[in-house]
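Asker: What follows is run-v5.txt, made up of compact mmCIF, C-alpha atoms:
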```txt
# COMPACT_ATOMS: atom_id res chain seq x y z
CA MET K 677 0.00 0.00 0.00
CA VAL K 678 1.13 3.52 -0.68
CA SER K 679 1.60 5.79 2.28
CA ILE K 680 -0.10 9.14 2.70
CA LYS K 681 3.27 10.82 3.17
CA GLN K 682 4.50 9.22 -0.06
CA LEU K 683 1.45 10.35 -2.01
CA VAL K 684 1.75 13.88 -0.60
CA GLU K 685 5.45 13.86 -1.45
CA ILE K 686 4.71 12.85 -5.07
CA ILE K 687 2.26 15.72 -5.50
CA THR K 688 4.49 18.27 -3.80
CA SER K 689 7.65 17.24 -5.64
CA ASN K 690 5.69 17.69 -8.87
CA ILE K 691 4.75 21.22 -7.77
CA GLU K 692 8.35 21.99 -6.91
CA SER K 693 9.84 20.61 -10.10
CA THR K 694 7.18 21.55 -12.68
CA GLY K 695 5.14 24.17 -10.83
CA PHE K 696 1.96 22.07 -11.08
CA PRO K 697 0.59 19.10 -9.05
CA ILE K 698 0.58 16.95 -12.20
CA PRO K 699 3.54 17.07 -14.63
CA ILE K 700 1.65 18.69 -17.51
CA PRO K 701 3.06 20.39 -20.59
CA SER K 702 3.46 24.06 -19.59
CA GLU K 703 1.98 25.45 -22.84
CA ILE K 704 -1.52 24.14 -21.96
CA ILE K 705 -1.68 26.85 -19.29
CA TYR K 706 -1.63 29.75 -21.76
CA GLU K 707 -2.41 28.17 -25.15
CA TRP K 708 -6.08 29.18 -24.84
CA ALA K 709 -5.14 32.88 -24.77
CA ILE K 710 -3.02 32.95 -27.94
CA PRO K 711 -5.91 33.42 -30.44
CA LEU K 712 -7.28 36.28 -28.32
CA LYS K 713 -3.97 38.16 -28.48
CA LEU K 714 -4.35 39.43 -24.91
CA PRO K 715 -1.78 42.11 -24.04
CA ARG K 716 1.07 41.12 -21.75
CA ARG K 717 2.11 43.95 -19.45
CA LYS K 718 -0.66 45.64 -17.53
CA LYS K 719 -1.14 46.72 -13.95
CA ARG K 720 -4.28 44.61 -13.83
CA VAL K 721 -3.90 41.03 -15.04
CA LEU K 722 -6.04 37.93 -15.42
CA TYR K 723 -4.66 35.20 -13.15
CA THR K 724 -6.14 31.75 -13.76
CA GLY K 725 -3.91 29.92 -11.27
CA ALA K 726 -4.00 27.05 -13.80
CA LEU K 727 -6.85 25.32 -12.00
CA TYR K 728 -9.23 25.21 -14.97
CA GLN K 729 -6.45 24.02 -17.27
CA LEU K 730 -5.69 21.15 -14.89
CA VAL K 731 -9.26 19.74 -15.05
CA PRO K 732 -8.72 17.24 -17.96
CA TYR K 733 -5.46 16.06 -16.39
CA ILE K 734 -7.00 15.70 -12.92
CA ASN K 735 -9.77 13.60 -14.49
CA SER K 736 -7.23 11.44 -16.26
CA LEU K 737 -5.18 10.98 -13.08
CA VAL K 738 -8.25 10.12 -11.03
CA LYS K 739 -9.40 7.61 -13.65
CA TYR K 740 -6.00 5.98 -13.44
CA LEU K 741 -6.07 5.92 -9.61
CA GLU K 742 -9.58 4.47 -9.67
CA SER K 743 -8.51 1.66 -12.00
CA LEU K 744 -5.81 0.79 -9.48
CA GLU K 745 -8.33 0.79 -6.66
CA GLU K 746 -10.49 -1.68 -8.56
CA ARG K 747 -7.55 -4.00 -9.00
CA ASP K 748 -6.90 -3.96 -5.28
CA THR K 749 -9.30 -5.71 -2.93
CA ILE K 750 -9.48 -2.76 -0.58
CA ALA K 751 -9.36 0.77 -1.85
CA SER K 752 -5.63 1.28 -1.72
CA ILE K 753 -2.83 1.96 -4.13
CA THR K 754 0.19 -0.24 -4.52
CA LEU K 755 3.64 0.89 -3.63
CA LYS K 756 4.79 -0.17 -7.06
CA THR K 757 2.48 2.40 -8.59
CA ALA K 758 3.79 5.13 -6.33
CA ARG K 759 7.27 4.56 -7.70
CA VAL K 760 6.21 4.95 -11.32
CA PHE K 761 4.52 8.25 -10.52
CA THR K 762 7.85 9.98 -10.41
CA LYS K 763 8.96 8.49 -13.70
CA ILE K 764 8.14 9.25 -17.29
CA SER K 765 5.35 6.64 -17.35
CA LEU K 766 3.12 9.01 -15.40
CA PHE K 767 3.26 11.35 -18.35
CA ARG K 768 2.22 8.51 -20.66
CA LYS K 769 -0.50 7.22 -18.35
CA ILE K 770 -2.01 10.57 -17.48
CA VAL K 771 -1.17 13.27 -19.96
CA LEU K 772 -1.35 11.31 -23.19
CA ARG K 773 -4.75 9.87 -22.28
CA VAL K 774 -6.35 13.29 -22.12
CA ARG K 775 -8.73 13.80 -25.00
CA GLU K 776 -8.40 16.85 -27.22
CA GLU K 777 -12.08 17.81 -26.80
CA GLU K 778 -11.73 17.89 -22.99
CA VAL K 779 -8.89 20.40 -23.28
CA GLU K 780 -10.85 22.40 -25.85
CA ARG K 781 -13.87 22.51 -23.50
CA ILE K 782 -11.70 24.13 -20.83
CA TYR K 783 -10.15 26.54 -23.32
CA LYS K 784 -13.67 27.64 -24.31
CA ILE K 785 -14.52 28.39 -20.68
CA LEU K 786 -11.36 30.44 -20.26
CA ARG K 787 -11.95 32.31 -23.52
CA SER K 788 -15.53 33.05 -22.42
CA ILE K 789 -14.24 34.67 -19.21
CA ALA K 790 -11.64 36.68 -21.13
CA MET K 791 -14.18 37.81 -23.73
CA LEU K 792 -16.83 38.74 -21.15
CA LEU K 793 -14.30 41.07 -19.53
CA ILE K 794 -13.18 42.54 -22.87
CA GLU K 795 -16.74 43.11 -24.11
CA ASN K 796 -17.53 44.97 -20.91
CA ASN K 797 -14.52 47.30 -21.36
CA ILE K 798 -12.41 45.88 -18.55
CA ASP K 799 -8.81 46.75 -19.28
CA TYR K 800 -6.46 43.92 -18.33
CA GLY K 801 -3.48 41.91 -19.48
CA TYR K 802 -2.53 38.26 -19.27
CA LEU K 803 0.48 36.55 -17.71
CA TYR K 804 0.96 33.75 -20.30
CA GLU K 805 3.91 31.56 -19.16
CA ASP K 806 3.96 33.45 -15.83
CA ASP K 807 0.42 32.30 -15.02
CA LEU K 808 1.60 30.06 -12.16
CA TYR K 809 -0.27 27.64 -9.93
CA SER K 810 -1.26 29.22 -6.59
CA GLY K 811 0.04 26.30 -4.49
CA VAL K 812 -3.27 25.75 -2.68
CA LEU K 813 -2.73 21.98 -2.53
CA LEU K 814 0.47 22.49 -0.50
CA TYR K 815 -1.54 24.48 2.01
CA ASP K 816 -4.33 21.88 2.13
CA MET K 817 -1.79 19.13 2.77
CA GLY K 818 -0.40 21.05 5.74
CA LEU K 819 2.98 21.73 4.14
CA GLU K 820 3.45 25.19 5.59
CA ASP K 821 7.04 25.92 4.57
CA ARG K 822 6.61 24.66 1.03
CA PHE K 823 3.43 26.67 0.59
CA ALA K 824 5.13 29.82 1.90
CA LYS K 825 8.03 29.28 -0.52
CA HIS K 826 5.67 28.76 -3.46
CA ALA K 827 3.57 31.81 -2.54
CA GLU K 828 6.75 33.89 -2.41
CA LYS K 829 7.68 32.66 -5.89
CA VAL K 830 4.29 33.68 -7.30
CA ASN K 831 4.46 37.06 -5.58
CA LYS K 832 7.95 37.70 -7.00
CA VAL K 833 6.59 37.14 -10.52
CA PHE K 834 3.77 39.62 -9.86
CA LYS K 835 6.26 42.18 -8.57
CA LYS K 836 8.65 41.62 -11.48
CA LEU K 837 5.83 42.30 -13.95
CA GLY K 838 4.55 45.34 -12.03
CA VAL K 839 1.16 43.77 -11.27
CA GLU K 840 -1.06 45.77 -8.92
CA GLU K 841 -4.36 43.92 -9.29
CA VAL K 842 -5.21 40.36 -10.26
CA ILE K 843 -8.51 39.08 -11.59
CA THR K 844 -9.10 35.54 -10.33
CA ILE K 845 -11.54 33.12 -11.92
CA ASP K 846 -12.05 30.28 -9.44
CA PRO K 847 -12.91 30.00 -5.73
CA HIS K 848 -9.75 28.21 -4.58
CA THR K 849 -7.33 30.66 -6.19
CA THR K 850 -9.41 33.61 -5.00
CA TYR K 851 -9.32 32.29 -1.43
CA THR K 852 -5.61 31.51 -1.59
CA LEU K 853 -4.62 34.95 -2.83
CA ARG K 854 -7.04 36.93 -0.75
CA GLN K 855 -6.93 35.09 2.58
CA LEU K 856 -3.70 33.08 2.64
CA TYR K 857 -1.05 35.06 0.77
CA PRO K 858 -1.30 38.08 3.12
CA LYS K 859 -0.63 35.70 6.04
CA TYR K 860 2.36 34.01 4.43
CA ILE K 861 3.98 36.85 2.48
CA ASP K 862 5.39 39.99 4.06
CA ARG K 863 3.63 43.05 2.69
CA PHE K 864 1.43 41.33 0.10
CA ASP K 865 -0.22 44.39 -1.39
CA ILE K 866 -1.80 43.09 -4.59
CA ASN K 867 -5.50 43.70 -4.90
CA VAL K 868 -7.46 40.50 -5.62
CA VAL K 869 -10.80 40.65 -7.37
CA ASN K 870 -12.92 37.85 -8.77
CA TYR K 871 -14.34 38.09 -12.30
CA LEU K 872 -17.89 37.43 -11.02
CA GLU K 873 -17.55 40.41 -8.68
CA ILE K 874 -16.37 42.63 -11.54
CA LEU K 875 -19.11 41.58 -13.95
CA SER K 876 -21.94 41.74 -11.43
CA SER K 877 -20.96 45.30 -10.45
CA ILE K 878 -21.31 46.60 -14.03
CA GLU K 879 -24.54 48.56 -14.48
CA GLU K 880 -24.94 48.16 -18.23
CA LEU K 881 -23.64 44.68 -18.65
CA LYS K 882 -23.15 43.41 -22.21
CA ILE K 883 -24.16 39.79 -22.04
CA LYS K 884 -26.08 37.27 -24.12
CA HIS K 885 -29.77 37.10 -23.15
CA TYR K 886 -31.44 33.69 -23.27
CA GLY K 887 -34.99 35.01 -22.89
CA ASN K 888 -35.80 32.79 -19.89
CA SER K 889 -35.66 29.73 -22.10
CA LEU K 890 -33.09 27.88 -19.99
CA LYS K 891 -33.53 26.42 -16.53
CA TYR K 892 -30.56 25.36 -14.44
CA VAL K 893 -30.08 24.14 -10.88
CA ILE K 894 -27.16 25.91 -9.26
CA HIS K 895 -24.40 24.16 -7.31
CA ASP K 896 -22.52 26.63 -5.08
CA PRO K 897 -18.84 25.94 -4.43
CA CYS K 898 -17.91 25.86 -0.72
CA TYR K 899 -15.09 28.38 -1.08
CA TYR K 900 -17.20 31.03 -2.80
CA THR K 901 -20.08 30.87 -0.36
CA ARG K 902 -18.52 30.00 2.99
CA PHE K 903 -15.11 31.63 2.69
CA GLU K 904 -15.46 34.44 0.14
CA ASN K 905 -19.10 35.47 0.45
CA ILE K 906 -19.59 35.31 -3.33
CA ILE K 907 -23.22 34.20 -3.25
CA GLU K 908 -25.42 36.78 -4.94
CA GLU K 909 -22.98 37.73 -7.72
CA PRO K 910 -23.45 34.60 -9.89
CA ARG K 911 -27.22 34.68 -9.32
CA LYS K 912 -27.40 38.29 -10.37
CA LEU K 913 -25.46 37.53 -13.56
CA LEU K 914 -27.56 34.48 -14.45
CA LEU K 915 -30.79 36.42 -13.96
CA ARG K 916 -29.47 39.23 -16.15
CA ALA K 917 -28.67 36.65 -18.83
CA GLY K 918 -32.29 35.49 -18.70
CA ILE K 919 -31.55 32.10 -17.19
CA GLN K 920 -33.98 30.59 -14.71
CA ILE K 921 -32.18 29.45 -11.55
CA VAL K 922 -33.49 26.65 -9.38
CA GLU K 923 -32.23 26.68 -5.80
CA PRO K 924 -31.63 23.21 -4.36
CA ARG K 925 -32.34 22.34 -0.73
CA ARG K 926 -28.69 22.78 0.18
CA ALA K 927 -27.60 26.03 -1.43
CA LYS K 928 -25.64 29.19 -0.66
CA GLU K 929 -23.69 28.94 2.63
CA LEU K 930 -25.36 25.61 3.36
CA THR K 931 -24.12 24.08 0.10
CA TYR K 932 -22.84 20.49 -0.10
CA CYS K 933 -19.25 19.82 -1.18
CA CYS K 934 -18.69 18.03 -4.50
CA GLY K 935 -15.98 15.81 -2.99
CA GLY K 936 -13.29 17.19 -5.29
CA PRO K 937 -10.69 18.30 -2.73
CA ILE K 938 -9.80 14.70 -1.84
CA GLU K 939 -9.93 13.13 -5.31
CA SER K 940 -6.16 12.73 -5.59
CA ILE K 941 -5.89 10.66 -2.39
CA PHE K 942 -9.32 9.01 -2.11
CA PRO K 943 -10.80 8.90 -5.64
CA SER K 944 -13.57 6.42 -4.83
CA LEU K 945 -14.77 8.41 -1.83
CA ALA K 946 -14.66 11.65 -3.86
CA GLY K 947 -16.69 9.95 -6.61
CA ALA K 948 -19.29 8.65 -4.14
CA ILE K 949 -19.73 12.16 -2.68
CA ALA K 950 -20.17 13.60 -6.20
CA GLU K 951 -22.83 10.96 -6.93
CA ALA K 952 -24.69 11.79 -3.71
CA ARG K 953 -24.70 15.49 -4.54
CA LEU K 954 -25.73 15.00 -8.17
CA GLU K 955 -28.59 12.73 -7.13
CA GLU K 956 -29.83 15.52 -4.90
CA LEU K 957 -29.49 18.16 -7.64
CA ARG K 958 -31.12 15.89 -10.23
CA GLU K 959 -34.39 16.09 -8.31
CA TYR K 960 -34.57 19.76 -9.35
CA SER K 961 -33.13 19.65 -12.85
CA THR K 962 -30.79 17.54 -14.94
CA GLN K 963 -29.11 20.74 -16.14
CA ILE K 964 -26.57 21.72 -13.50
CA ILE K 965 -24.49 24.85 -13.29
CA THR K 966 -21.08 24.89 -11.55
CA LEU K 967 -18.83 27.80 -10.69
CA CYS K 968 -15.61 26.02 -9.81
CA PRO K 969 -13.14 23.91 -11.86
CA ILE K 970 -12.78 21.34 -9.06
CA CYS K 971 -16.57 20.82 -8.95
CA LEU K 972 -16.59 20.63 -12.76
CA ALA K 973 -13.85 17.97 -12.73
CA ASN K 974 -15.35 15.82 -10.00
CA PHE K 975 -18.93 16.01 -11.26
CA SER K 976 -17.89 15.32 -14.85
CA ARG K 977 -16.56 11.90 -13.77
CA VAL K 978 -19.99 10.67 -12.73
CA SER K 979 -22.40 12.94 -14.63
CA GLN K 980 -22.95 10.54 -17.54
CA LYS K 981 -23.79 7.68 -15.18
CA LEU K 982 -26.43 9.83 -13.48
CA GLY K 983 -27.83 11.31 -16.69
CA VAL K 984 -27.13 14.93 -15.88
CA SER K 985 -25.25 17.59 -17.78
CA ILE K 986 -22.78 19.93 -16.11
CA ARG K 987 -22.15 23.41 -17.41
CA ASP K 988 -19.72 26.03 -16.17
CA ILE K 989 -21.22 29.46 -15.52
CA ALA K 990 -18.62 31.23 -17.68
CA SER K 991 -19.38 29.28 -20.84
CA LEU K 992 -23.08 29.90 -20.32
CA LEU K 993 -22.67 33.63 -19.73
CA GLY K 994 -20.27 33.84 -22.64
CA GLY K 995 -22.93 32.31 -24.86
CA GLY K 996 -20.69 29.63 -26.32
CA ASP K 997 -21.29 25.91 -26.72
CA GLU K 998 -19.33 23.37 -24.75
CA MET T 714 7.10 25.59 11.26
CA ASN T 715 10.58 24.18 11.77
CA SER T 716 11.13 25.16 15.35
CA LYS T 717 9.84 23.22 18.31
CA ALA T 718 8.36 26.43 19.71
CA ASP T 719 6.23 26.89 16.56
CA SER T 720 4.95 23.33 16.83
CA SER T 721 4.19 23.67 20.54
CA ASN T 722 2.33 26.88 19.84
CA LEU T 723 0.28 25.12 17.15
CA VAL T 724 -0.46 22.24 19.56
CA TYR T 725 -1.69 24.78 22.12
CA MET T 726 -3.92 26.54 19.57
CA LEU T 727 -5.35 23.27 18.23
CA SER T 728 -6.01 21.93 21.74
CA ARG T 729 -7.82 25.11 22.65
CA GLU T 730 -9.95 24.99 19.48
CA ALA T 731 -10.75 21.28 19.84
CA GLY T 732 -11.43 21.76 23.54
CA LYS T 733 -14.39 23.99 22.69
CA CYS T 734 -16.31 21.00 21.27
CA LEU T 735 -19.58 20.31 23.06
CA TYR T 736 -20.00 16.97 21.23
CA CYS T 737 -23.56 17.99 20.33
CA GLY T 738 -23.26 16.39 16.89
CA PHE T 739 -25.05 19.13 14.92
CA CYS T 740 -22.08 19.09 12.55
CA GLU T 741 -22.56 15.46 11.61
CA ALA T 742 -25.76 16.05 9.66
CA VAL T 743 -24.00 18.22 7.10
CA CYS T 744 -20.68 16.40 6.62
CA PRO T 745 -20.38 14.86 3.10
CA THR T 746 -17.90 12.15 4.14
CA LEU T 747 -19.71 10.79 7.20
CA PRO T 748 -22.58 8.98 5.40
CA LEU T 749 -19.97 7.11 3.34
CA GLY T 750 -17.41 6.36 6.03
CA LEU T 751 -17.39 3.33 8.25
CA HIS T 752 -16.85 5.14 11.52
CA ARG T 753 -17.28 8.55 13.11
CA GLY T 754 -13.70 9.54 12.24
CA TYR T 755 -15.20 10.36 8.84
CA GLY T 756 -17.32 13.07 10.48
CA PRO T 757 -16.45 16.38 12.17
CA ARG T 758 -17.23 15.39 15.76
CA GLY T 759 -15.11 12.25 15.44
CA ARG T 760 -12.29 14.19 13.80
CA VAL T 761 -12.21 16.68 16.67
CA ALA T 762 -11.96 13.80 19.15
CA LEU T 763 -9.23 12.09 17.10
CA VAL T 764 -7.14 15.25 16.76
CA LEU T 765 -7.36 15.70 20.54
CA GLU T 766 -6.18 12.11 21.03
CA ALA T 767 -3.24 12.72 18.67
CA LEU T 768 -2.32 15.93 20.51
CA ARG T 769 -2.38 14.02 23.80
CA GLY T 770 0.28 11.70 22.39
CA TYR T 771 -1.81 8.70 21.39
CA LYS T 772 -0.50 6.96 18.29
CA LEU T 773 -3.24 6.75 15.69
CA SER T 774 -3.81 3.81 13.34
CA ASN T 775 -3.74 3.98 9.53
CA GLU T 776 -7.53 3.74 9.48
CA VAL T 777 -7.84 6.79 11.73
CA ILE T 778 -5.20 8.86 9.92
CA SER T 779 -6.87 8.12 6.57
CA SER T 780 -10.21 9.28 7.95
CA LEU T 781 -8.59 12.55 9.07
CA TYR T 782 -7.02 13.04 5.65
CA SER T 783 -10.44 12.41 4.06
CA CYS T 784 -11.72 15.74 5.47
CA LEU T 785 -12.73 17.96 2.54
CA GLY T 786 -12.13 21.18 4.46
CA CYS T 787 -15.44 22.38 3.01
CA GLY T 788 -16.48 24.19 6.19
CA ALA T 789 -20.08 22.90 6.23
CA CYS T 790 -19.67 21.79 9.86
CA ARG T 791 -18.50 25.22 10.99
CA VAL T 792 -21.76 26.79 9.85
CA LYS T 793 -23.74 24.42 12.09
CA CYS T 794 -21.37 24.43 15.07
CA PRO T 795 -22.80 26.37 18.05
CA VAL T 796 -19.24 27.43 19.04
CA SER T 797 -17.97 27.80 15.43
CA ILE T 798 -15.15 25.27 15.60
CA ASP T 799 -13.10 25.31 12.42
CA VAL T 800 -12.82 21.53 12.00
CA GLY T 801 -11.19 21.90 8.56
CA GLY T 802 -8.54 24.14 10.10
CA LEU T 803 -8.13 21.71 12.99
CA VAL T 804 -7.53 18.79 10.63
CA ARG T 805 -5.13 20.89 8.56
CA GLY T 806 -3.24 21.71 11.76
CA PHE T 807 -3.02 17.99 12.45
CA LYS T 808 -1.62 17.47 8.93
CA VAL T 809 1.03 20.12 9.63
CA LEU T 810 2.13 18.35 12.81
CA TYR T 811 1.94 14.91 11.17
CA SER T 812 3.97 15.96 8.12
CA ILE T 813 6.81 17.26 10.30
CA GLY T 814 6.66 14.18 12.55
CA PHE T 815 5.55 16.11 15.65
CA VAL T 816 2.56 13.78 16.08
CA LYS T 817 3.18 10.17 15.24
CA GLY T 818 1.08 7.26 14.10
CA ALA T 819 1.23 3.63 15.11
CA PRO T 820 3.44 1.29 12.95
CA LYS T 821 2.25 1.18 9.32
CA SER T 822 -0.17 3.98 10.17
CA ASP T 823 0.76 5.93 7.08
CA GLN T 824 -0.91 3.60 4.59
CA VAL T 825 -3.93 4.88 2.71
CA VAL T 826 -6.97 2.92 3.79
CA VAL T 827 -10.39 3.93 2.64
CA ARG T 828 -13.31 1.77 3.53
CA ILE T 829 -16.45 3.34 2.22
CA ARG T 830 -20.01 2.25 2.13
CA ARG T 831 -21.40 1.35 -1.27
CA ARG T 832 -25.03 1.85 -1.87
CA LYS T 833 -26.93 -1.19 -3.00
CA TYR T 834 -30.68 -1.10 -3.53
CA GLY T 835 -30.84 2.29 -1.80
CA ILE T 836 -29.01 1.13 1.32
CA TYR T 837 -25.40 1.89 2.13
CA LYS T 838 -23.42 -1.32 2.46
CA ALA T 839 -19.91 -1.44 3.86
CA ILE T 840 -17.11 -2.71 1.68
CA SER T 841 -13.63 -3.41 2.93
```
Can the structure from this file be put into structure tokens for me?

Answerer:
Amino acid sequence: MVSIKQLVEIITSNIESTGFPIPIPSEIIYEWAIPLKLPRRKKRVLYTGALYQLVPYINSLVKYLESLEERDTIASITLKTARVFTKISLFRKIVLRVREEEVERIYKILRSIAMLLIENNIDYGYLYEDDLYSGVLLYDMGLEDRFAKHAEKVNKVFKKLGVEEVITIDPHTTYTLRQLYPKYIDRFDINVVNYLEILSSIEELKIKHYGNSLKYVIHDPCYYTRFENIIEEPRKLLLRAGIQIVEPRRAKELTYCCGGPIESIFPSLAGAIAEARLEELREYSTQIITLCPICLANFSRVSQKLGVSIRDIASLLGGGDE
Amino acid sequence: MNSKADSSNLVYMLSREAGKCLYCGFCEAVCPTLPLGLHRGYGPRGRVALVLEALRGYKLSNEVISSLYSCLGCGACRVKCPVSIDVGGLVRGFKVLYSIGFVKGAPKSDQVVVRIRRRKYGIYKAIS
């Protein structure tokens, strides 16, 4: 059986050597932005924290871990497997199994966010190869020193590029930059604003209107509602886009976690939690809206089995297909 | 977090936070892992008790450590807690102490063990 410390070490050594929890090709982080020709140097920049881009690779990794669990009588991972993680075979097993359309789906979400901001006259730049991972997993795993070191690295890049404000696009990165970086970095003075907050504060918002023809049940991410108080912003935007929102029994600050945060250590448990949540949401509508890449990744694994479709809020607001 | 003083300070803070627990169990109704776990270590009230045991020097088994690591840190329990215990933060504090070897597990306690209930015909059935 693999040890927890070993598994944590594999993930963290990946972050230290490649900058990301999974050894992914670095160009997938910024490839989506190339056709948009986003400017580079600006005081205000879009910071994705690479979480959306990691979704197809997380899914591939989790699928691989699950297949190992099935082979074992109890849900555990063999030591042999842990060894190959650090080798080139991980790349073959995880990265090369990712389907092109999964990556394209994520790129569309990111482009929707970028375009929504542009169309509403928000002036910003993009970091491209300097769009680093926030290191939130290091914090979650209790690796204080490593997280502090990683946060310092990200902050140095911001300072080098003269960044004064970052626009975040997911709950985990928003929380990390807004709540954690000031505690771990001396004089962290970068203003952090979420794209949902920006868009919802615009009076004359330019957005596609669906004419109340669509009905979605909303799944709130824990970190937006319980840690960042971003509750009304997505609702306001969906209503302005003419989308009917159905509130499930457990919504807003009483929302139910998707199970995603533990999918790299306990994939079967994470999957079972996602199933439980989707079964609850399905009672309201089979069309589900998510606001977080981790929820999107974990729900997507079981959505087909439960006959529901998962849509990210950005792609819906942007008016594009997935 | 390298110095012994830092670790002792964290132990003090965690003990104080965990010590607030009234063991009322309101938190258990909202925890996503508890309905699927095989014991109460998969729920917030159990996790508080287990962290306290670890801080008191008890060596925890692999089963118990896995259940602590299964905490999602989602914060649902904190909303329901009458004294607002941050169970996610408490478990993360345990992870800090465990990763630096300040709290120790029993032999072979580091192995990942997940025994979850599988639902069959609408009823959760334990698999192990």

Asker: Taking all atoms listed in the file into account, report as a count of residues only which residues of chain K lie within 10 Å of chain T.

Answerer: 51

Asker: Determine, counting all atoms listed in the file, which protein, DNA and RNA residues have an atom within 6 Å of an atom of Ile843 in chain K; residues of the same chain fewer than 2 positions away are not included. Present the result as a PyMOL selection string.

Answerer: chain K and resi 722-723+869-871

Asker: Can I get the selection written as a CSV table (one decimal), in the coordinates of the input, with C-alpha atoms?

Answerer:
```csv
chain,number,residue,atom,x,y,z
K,722,LEU,CA,-6.0,37.9,-15.4
K,723,TYR,CA,-4.7,35.2,-13.2
K,869,VAL,CA,-10.8,40.6,-7.4
K,870,ASN,CA,-12.9,37.8,-8.8
K,871,TYR,CA,-14.3,38.1,-12.3
```

Asker: Could you jot down the CA of Gln963 in chain K to CA of Val893 in chain K separation for me, Å, one decimal place?

Answerer: 6.3 Å

Asker: Would you kindly return, as number ranges by chain, each protein, DNA or RNA residue with an atom no farther than 10 Å from any atom of Ser877 in chain K, considering all atoms listed in the file and excluding same-chain residues fewer than 4 positions away?

Answerer: K: 871-873, 881, 909, 912-913

Asker: For each of T:Ala731, T:Ser780, T:Asn722, T:Lys817, take the minimum atom-to-atom distance to Leu765 in chain T, counting all atoms listed in the file, then give the residue where this is smallest.

Answerer: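 Closest to Leu765 in chain T, using all atoms listed in the file: T:Ala731.
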
Asker: Write out as a list in words each polymer residue whose atoms come within 8 Å of Asp896 in chain K, counting all atoms listed in the file; drop sequence neighbours fewer than 4 positions from it.

Answerer: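 Using all atoms listed in the file, the neighbours found are Tyr900, Thr901, Ile907, Ala927, Lys928, Thr931, Tyr932, Thr966 and Leu967 of chain K.
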
Asker: Do you have the CA of Gly725 in chain K-CA of Ser876 in chain K distance handy?

Answerer: 21.6 Å

Asker: Here is a test: counting all atoms listed in the file, which residue of T:Phe739, T:Ala718, T:Ser797, T:Gly732 is nearest to Val764 in chain T?

Answerer: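 Once distances to Val764 in chain T are computed over all atoms listed in the file, the minimum belongs to T:Gly732.
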
Asker: Which polymer residues have any atom within 8 Å of an atom of range 853-855 of chain K, counting all atoms listed in the file, with same-chain residues fewer than 4 positions away left out, as a ChimeraX atom specification?

Answerer: /K:810,849,859,868

Asker: Which residues are near range 760-762 of chain T? Cut-off 8 Å, all atoms listed in the file, ignore same chain within fewer than 3 positions. Put them as a PyMOL selection string.

Answerer: chain T and resi 731+734+753-757+765-766+780-781+800+803-804
